[in-house]
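See structure below.
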There are 2 protein chains.
Amino acid sequence: MVAAREKFLHERLGDGEWREENMERLKGRMVVLGSSATHSSTKKAAKILGLRFETIPVDGVDGYALSGVKLKTYLVRLRERELEPFFLTATMGTTDTCAVDDFEGISEVLKAYTQDTNRDVWVHVDAAHAGAALICPEVRGKIRANVFEDLHSFDTNMNKWMLINLDASCLFIKDRNWLTCAFSVNQAVYDNHHSEGGLVTDYREWQIPLSRRFRALKIWFVMRTYGVKGIREYIRKTIGLAEWFEELLKTREDLFETVAGPSFALVVFRLVGKVGQEGAAEDKLSEGNKLTRSLCDKANGSGKVWVTSTVLDGRYAIRFMTAVSTTEKKHIDMAFELFVKLAEEVQRAEV
Amino acid sequence: MVAAREKFLHERLGDGEWREENMERLKGRMVVLGSSATHSSTKKAAKILGLRFETIPVDGVDGYALSGVKLKTYLVRLRERELEPFFLTATMGTTDTCAVDDFEGISEVLKAYTQDTNRDVWVHVDAAHAGAALICPEVRGKIRANVFEDLHSFDTNMNKWMLINLDASCLFIKDRNWLTCAFSVNQAVYDNHHSEGGLVTDYREWQIPLSRRFRALKIWFVMRTYGVKGIREYIRKTIGLAEWFEELLKTREDLFETVAGPSFALVVFRLVGKVGQEGAAEDKLSEGNKLTRSLCDKANGSGKVWVTSTVLDGRYAIRFMTAVSTTEKKHIDMAFELFVKLAEEVQRAEV
């Protein structure tokens, strides 16, 4: 986002306009964009940089993902308000539901926007969790990952779903000059022949800290141990386990409903309320929320599974994630049986 | 710096003035301060945040450290220019010479400034390297560390001089509310009973990343292995080695001059030029620089020592650091003999 800000300021302020006064005024109009499903880190970065963050709302109708159409509508509104978007986080695998934004639609809308306004919006692809699945060709095709080439930056955390311990966040950037332009600060004591001769890449100019831990080794070990084949098998196995869990949920539609997914290795589901057909929709929602929260607490309290929760369109839901190297089919079966047992308890207590 | 910015904006903009327009105008006038000996990280942070950074120049006359008097003079100039300082980095152990800023003088000047202007300047103590020496009571007395209580934040990197591997940066902050105010961003998926009940400290609200590595364990091991006594002995030994090296330099004043120190475990020295007494000062400086640079390159080329260089008041100098756990007196003696041999070679080549 810092690199994007530098790029935007440089492109927007010609030499003549490059005065502090204009810059402060422009900064006040700059907007960072994300959808309501975008991870909080984008909002946090904007907050830290003192920049305006705006949320494009998405809901169940959108599959909790950002479409080109939604983005286009929002861009029009921003122009009416004389605001200038310069950065958008598009997500492969949102936190809540592991949804994938419409990269192709977003890219097309922004190309048209640039033609209209002569302004470029930096698109950062946040593939923190689901990026690991790009190792599988069928995933690349499905989400149209070829569009990434037209975008500006991409990040995936190998410590989430690629068998590596915290932390291992891999950033790819199309033009590193914007990064080094944003982060370069020289000090005499760091002078050395290697840097002066352009012989090395100084990562201190790519990041906030000066020093850098040697994270590459642990990644190398995993790559050498598993190989591409081994990692693909692992990724496909964990996706398969989520699909299996969803099949199990379907066998008990009297108890459960799938709210989102299976998407990659995540299924989001909730407990169906007991209010009969004649009950008001609002009562059903409220009862279902209460029961699902209770089920979530009981499940975690059992010490046998660990799940997190979220709220989607006002519906409290449980996030069931199978992207763990030690999880096998027998664990999924055990977890499902546990959920059935606890769900029945919860519903009985309610009656 | 982000916390300081939030604090300043909240204190300066009353409810009535808290409008975007005023905020952007104020941001354009806000100034981050450091001395010319301050580590580049302060400048880098200001650059990232898009805030103005100003350097208070210090030189050999000041002992390369910031005094209260210099700060006072600079604050007057800033007021004349209608600029508003809100953050100052004061350093215990600068990068170049391991100098210590005058914390007592700085604190007094800023107290008077606050009384005059009703504005508070956040003072961050950068003790990245030398902070380790605070474990020794004699050091605390010497640098008047009791003044730290009146300041806003303090940071030391245990990975520099306290037997711990990269990274282990310890931040102390007087009022953590300014940090959490600056970094808090909530997302449903992180809701949990422990946070909601105020039962835990959520460090995600103290830092940029969401996740946090478990660095405490390696620190605990060092503490338990060495104990306070052991760490004090180690710190004192390394300081003693620097003092010993400086004594050796004094035995060859025909070859070397000490430019700064010994300060903690650092001696900064250079090679004396061969230009006679009748030579112009400028020629002497230039010749000394050339010889010292050559000595530095030869020393590092030998593979027997590793030193870095800096430039102080136009004088190229070598930084000789003894804060290494495996360095013993015999290594200092060996290094000195090497420097003498190479210095004589360099001078001979020059003649």
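Identifiers in this document derive from the order of the structure tokens: chains are assigned A, B, ..., residues are numbered from 1 separately in each chain, and ligands are numbered from 1 in order of occurrence.
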
Just want the 6 Å neighbourhood of stretch 121-127 of chain A, counted on only C-alpha atoms, with same-chain residues fewer than 2 positions away dropped. Output as a short mmCIF file (atom, residue, chain, number, x, y, z; two decimals) with N, CA and C atoms, in the first residue's frame.
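Dumped everything to selection.cif:
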data_model
loop_
_atom_site.label_atom_id
_atom_site.label_comp_id
_atom_site.auth_asym_id
_atom_site.auth_seq_id
_atom_site.Cartn_x
_atom_site.Cartn_y
_atom_site.Cartn_z
N PHE A 86 -6.99 4.42 -5.12
CA PHE A 86 -5.65 4.14 -5.66
C PHE A 86 -5.20 2.73 -5.33
N PHE A 87 -5.96 2.03 -4.49
CA PHE A 87 -5.53 0.70 -4.04
C PHE A 87 -6.76 -0.15 -3.77
N LEU A 88 -6.72 -1.39 -4.27
CA LEU A 88 -7.80 -2.33 -4.00
C LEU A 88 -7.20 -3.68 -3.60
N THR A 89 -7.69 -4.23 -2.51
CA THR A 89 -7.33 -5.61 -2.19
C THR A 89 -8.39 -6.53 -2.76
N ALA A 90 -7.97 -7.43 -3.65
CA ALA A 90 -8.87 -8.48 -4.16
C ALA A 90 -8.40 -9.79 -3.53
N THR A 91 -9.35 -10.63 -3.16
CA THR A 91 -8.99 -11.77 -2.32
C THR A 91 -9.23 -13.12 -2.98
N MET A 92 -8.24 -13.97 -2.86
CA MET A 92 -8.41 -15.38 -3.22
C MET A 92 -8.50 -16.13 -1.90
N HIS A 129 -4.24 -17.33 2.64
CA HIS A 129 -4.49 -18.74 2.93
C HIS A 129 -4.58 -19.58 1.65
N ALA A 130 -5.50 -19.23 0.77
CA ALA A 130 -5.82 -20.14 -0.34
C ALA A 130 -4.76 -20.15 -1.44
N GLY A 131 -3.83 -19.20 -1.42
CA GLY A 131 -2.78 -19.14 -2.44
C GLY A 131 -2.02 -20.45 -2.58
N LEU A 151 -2.19 -7.61 -12.75
CA LEU A 151 -2.37 -6.90 -11.48
C LEU A 151 -1.00 -6.51 -10.90
N HIS A 152 -0.99 -5.88 -9.74
CA HIS A 152 0.24 -5.23 -9.28
C HIS A 152 1.04 -6.01 -8.24
N SER A 153 0.35 -6.68 -7.34
CA SER A 153 1.08 -7.44 -6.32
C SER A 153 0.25 -8.61 -5.84
N PHE A 154 0.93 -9.57 -5.25
CA PHE A 154 0.29 -10.83 -4.84
C PHE A 154 1.01 -11.32 -3.60
N ASP A 155 0.25 -11.78 -2.62
CA ASP A 155 0.89 -12.29 -1.41
C ASP A 155 0.22 -13.58 -0.96
N THR A 156 1.05 -14.54 -0.58
CA THR A 156 0.51 -15.75 0.04
C THR A 156 1.39 -16.11 1.23
#

Give me the residues of chain B that have any atom at most 7 Å from an atom of chain A; for each, the nearest atom pair and the distance in Å, rounded to one decimal. Use only C-alpha atoms, sort by chain and number, and format it as CSV.
residue,atom,partner,partner_atom,distance
B:Val2,CA,A:Ile48,CA,6.4
B:Glu24,CA,A:Glu24,CA,6.0
B:Arg25,CA,A:Glu24,CA,6.9
B:Gly28,CA,A:Glu24,CA,6.2
B:Ser40,CA,A:Gln187,CA,6.4
B:Lys44,CA,A:Val185,CA,6.1
B:Ile48,CA,A:Val2,CA,6.4
B:Leu49,CA,A:Leu49,CA,5.1
B:Asp96,CA,A:Val189,CA,6.9
B:Leu166,CA,A:Arg213,CA,6.8
B:Ala182,CA,A:Ile48,CA,6.9
B:Phe183,CA,A:Lys44,CA,6.6
B:Val185,CA,A:Lys44,CA,6.1
B:Gln187,CA,A:Ser40,CA,6.4
B:Ala188,CA,A:Thr310,CA,5.5
B:Val189,CA,A:Thr310,CA,5.0
B:Arg213,CA,A:Leu166,CA,6.8
B:Thr308,CA,A:Val189,CA,6.6
B:Ser309,CA,A:Val189,CA,5.8
B:Thr310,CA,A:Val189,CA,5.0
B:Val311,CA,A:Ala188,CA,6.7

DSSP-assigned alpha helix (DSSP H) members of stretch 140-348 of chain B, reported as a ChimeraX atom specification: /B:140-143,158-161,176-183,193-196,216-250,281-301,329-348

Distance in Å - atom CA of B:Glu246 versus atom CA of B:Val61: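 Computing it gives 20.3 Å between the two atoms.
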
Backbone-only DSSP, strand (DSSP E or B) members of stretch 267-313 of chain B, as a PyMOL selection string: chain B and resi 267-271+308-312

Residue nearest A:Phe339 - candidates A:Gly314, A:Ala299, A:Thr94, A:Glu196, atoms counted: only C-alpha atoms: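 Of A:Gly314, A:Ala299, A:Thr94, A:Glu196, the one nearest A:Phe339, counting only C-alpha atoms, is A:Ala299.
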
Interatomic distance (Å, one decimal) between atom CA of A:Gly105 and atom CA of A:Lys142: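 We find that atom CA of A:Gly105 and atom CA of A:Lys142 lie 14.0 Å from each other.
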
Point-to-point distance in Å for atom CA of A:Thr258 and atom CA of A:Leu285: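 Separation of atom CA of A:Leu285 and atom CA of A:Thr258: 14.4 Å.
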
Best match for closeness to B:Cys296 among B:Ala281, B:Glu328, B:Leu338, B:Gly93, counting only C-alpha atoms: B:Leu338
